[in-house]
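This report refers to the structure that appears directly beneath it.
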Amino acid sequence: MTPLNSLLPLFPPIRLRASSSDWFASPKFALPHGSTPVFSWAPQHTDRGSVQASFNLTIWSAVGRVVWSGDAASSQPRMRYPPDAPRLEPGTYVWQVATREADGRISPPSAPSALHVALGHGEWDGVPWLGSASKNVYSTTFDCPAGAVTSVLYICGLGYSRVELNGHVLNTLTTAPWTQYAYVNGFSTLDVKDLLLVGEPNRLVVSLGRGWRDRTAFRILKGDDVASDGKVERVVRAKLVATLSTGDSVALSHTGDGKWHAAAGPTTADSVYNGEEYDARVAERLRGGPPNAN
């Protein structure tokens, strides 16, 4: 007789993750450049005692090209990206997995999941920091080509920042994780594809605050500390990259491209402990864009 469980259909795997990163979820978390992510999933067994015997996992680029595909005989619902596989360059990837039970039944492929690999050090070449002791709002306008498959903004605003794209606030507190600014500064990876306009200018605005870089409130402990170099506390570094349908990546905007403007914004004073002072009259004047180019 045929066992009853061999007649039951399998359901696709669920709860897909790549090193705890799920680019389809919110908030989105990108993987560092050079990562070899661990892929994990949850098989949906139809009866008690069933185990996964093997699986097939496939990864596609943002434009649908197969980056890697492989099978493995394993009962573990996880796999580290093979070290001999093609390196995952910066960008967005989609992956699916299907499992096979010990009795030979094969599940349908899972729903697509996605991961994003952030920029490496080399991709920041030619993208300088912008900063001023007296100005704390930076803005730019740029065009977006038709057919962009992905559009991602990489940005670090120190000490903290507020980012707006076409009137939409992308964050509410900071685009730089709270770190020891003297030696390392993290940047945020923001998916902006659904906010971009085609056929008319896009406007990106970054408002900066001093945060923990306020030297009047937080004394530098060591005179030779890297953080003691310079007097500019509010700086920003940003790059917006789009992937076209051809698979090519293009920078739509970046600090230092000659199109950014700086102005003294409506936040006239700010403190981690004491809040901020805000002049709405200045905000109204800046709605058309700061007049001073940097």
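Each chain of the structure tokens is named A, B, ... in the order shown, its residues numbered from 1; ligands are numbered from 1 in display order.
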Worksheet item: What's the 12 Å shell around Tyr93 (chain A), counting only C-alpha atoms, without same-chain residues fewer than 3 positions away, as a PyMOL selection string?
Response: chain A and resi 18+21-24+30-31+37+58-68+88-90+96+112-118+149-150+243+247
Practice prompt. Write out as a list in words which residues come within 10 Å of Leu252 (chain A) when counting only C-alpha atoms, dropping same-chain ones fewer than 6 positions away.
Written response: Thr141, Phe142, Asp143, Cys144, Pro145, Ser151, Val152, Leu153, Lys239, Leu240, Val241 and Ala242 of chain A
Worksheet entry | Shell of 9 Å around Gly211 (chain A), only C-alpha atoms, local chain residues under 5 positions omitted, as a PyMOL selection string | chain A and resi 158-160+233-234+270-272
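In this model, the gap between CA of Val163 (chain A) and CA of Leu208 (chain A) comes to 8.9 Å.
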Practice prompt. May I have all residues of region 96-247 of chain A that DSSP, computed from the backbone, assigns to helix (DSSP H, G or I), given as a count of residues only?
Written response: 13
Would you kindly return, as a PDB file with N, CA and C atoms, in the first residue's frame, each protein, DNA or RNA residue with an atom no farther than 10 Å from any atom of Asn136 (chain A), considering only C-alpha atoms and excluding same-chain residues fewer than 5 positions away?
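New file part_17.pdb:
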ATOM      1  N   GLY A 131      30.113  69.658   4.491  1.00  0.00           N
ATOM      2  CA  GLY A 131      29.896  70.135   5.849  1.00  0.00           C
ATOM      3  C   GLY A 131      30.190  71.617   5.970  1.00  0.00           C
ATOM      4  N   SER A 161      20.635  62.936  11.355  1.00  0.00           N
ATOM      5  CA  SER A 161      20.061  63.616  10.198  1.00  0.00           C
ATOM      6  C   SER A 161      18.624  63.209   9.964  1.00  0.00           C
ATOM      7  N   VAL A 206      18.490  66.945   3.088  1.00  0.00           N
ATOM      8  CA  VAL A 206      19.073  66.345   4.294  1.00  0.00           C
ATOM      9  C   VAL A 206      19.275  67.450   5.331  1.00  0.00           C
ATOM     10  N   SER A 207      18.631  67.307   6.476  1.00  0.00           N
ATOM     11  CA  SER A 207      18.794  68.251   7.583  1.00  0.00           C
ATOM     12  C   SER A 207      19.674  67.602   8.639  1.00  0.00           C
ATOM     13  N   LEU A 208      20.666  68.324   9.119  1.00  0.00           N
ATOM     14  CA  LEU A 208      21.665  67.767  10.026  1.00  0.00           C
ATOM     15  C   LEU A 208      21.572  68.364  11.429  1.00  0.00           C
ATOM     16  N   GLY A 209      21.901  67.541  12.424  1.00  0.00           N
ATOM     17  CA  GLY A 209      22.033  67.985  13.805  1.00  0.00           C
ATOM     18  C   GLY A 209      23.382  67.550  14.351  1.00  0.00           C
ATOM     19  N   ARG A 210      23.807  68.184  15.438  1.00  0.00           N
ATOM     20  CA  ARG A 210      25.141  67.892  15.978  1.00  0.00           C
ATOM     21  C   ARG A 210      25.197  66.541  16.691  1.00  0.00           C
ATOM     22  N   GLU A 233      30.971  69.864  12.772  1.00  0.00           N
ATOM     23  CA  GLU A 233      30.276  68.791  13.473  1.00  0.00           C
ATOM     24  C   GLU A 233      29.156  68.188  12.642  1.00  0.00           C
ATOM     25  N   ARG A 234      28.633  68.942  11.687  1.00  0.00           N
ATOM     26  CA  ARG A 234      27.492  68.482  10.900  1.00  0.00           C
ATOM     27  C   ARG A 234      27.943  68.260   9.454  1.00  0.00           C
ATOM     28  N   VAL A 235      28.006  67.004   9.051  1.00  0.00           N
ATOM     29  CA  VAL A 235      28.485  66.645   7.719  1.00  0.00           C
ATOM     30  C   VAL A 235      27.598  65.552   7.141  1.00  0.00           C
ATOM     31  N   VAL A 236      27.609  65.450   5.812  1.00  0.00           N
ATOM     32  CA  VAL A 236      26.803  64.432   5.147  1.00  0.00           C
ATOM     33  C   VAL A 236      27.587  63.873   3.965  1.00  0.00           C
ATOM     34  N   ALA A 262      23.638  74.289   0.023  1.00  0.00           N
ATOM     35  CA  ALA A 262      23.661  74.329   1.488  1.00  0.00           C
ATOM     36  C   ALA A 262      23.011  75.602   1.987  1.00  0.00           C
ATOM     37  N   ALA A 263      22.378  75.522   3.151  1.00  0.00           N
ATOM     38  CA  ALA A 263      21.734  76.686   3.752  1.00  0.00           C
ATOM     39  C   ALA A 263      21.648  76.502   5.259  1.00  0.00           C
ATOM     40  N   ALA A 264      21.509  77.625   5.946  1.00  0.00           N
ATOM     41  CA  ALA A 264      21.213  77.578   7.380  1.00  0.00           C
ATOM     42  C   ALA A 264      19.732  77.262   7.520  1.00  0.00           C
ATOM     43  N   GLY A 265      19.416  76.103   8.087  1.00  0.00           N
ATOM     44  CA  GLY A 265      18.047  75.627   8.138  1.00  0.00           C
ATOM     45  C   GLY A 265      17.248  76.170   9.304  1.00  0.00           C
ATOM     46  N   PRO A 266      16.010  75.721   9.424  1.00  0.00           N
ATOM     47  CA  PRO A 266      15.119  76.224  10.486  1.00  0.00           C
ATOM     48  C   PRO A 266      15.501  75.768  11.885  1.00  0.00           C
ATOM     49  N   THR A 267      16.287  74.700  12.003  1.00  0.00           N
ATOM     50  CA  THR A 267      16.751  74.282  13.323  1.00  0.00           C
ATOM     51  C   THR A 267      17.938  75.155  13.686  1.00  0.00           C
ATOM     52  N   THR A 268      17.710  76.120  14.531  1.00  0.00           N
ATOM     53  CA  THR A 268      18.742  77.103  14.863  1.00  0.00           C
ATOM     54  C   THR A 268      19.624  76.667  16.022  1.00  0.00           C
TER      55      THR A 268
END
Worksheet entry | Of the listed residues A:His45, A:Arg162, A:Arg213, A:Arg87, that which approaches Ile106 (chain A) most closely, counting only C-alpha atoms |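 So, comparing all the options, the nearest one is A:His45.
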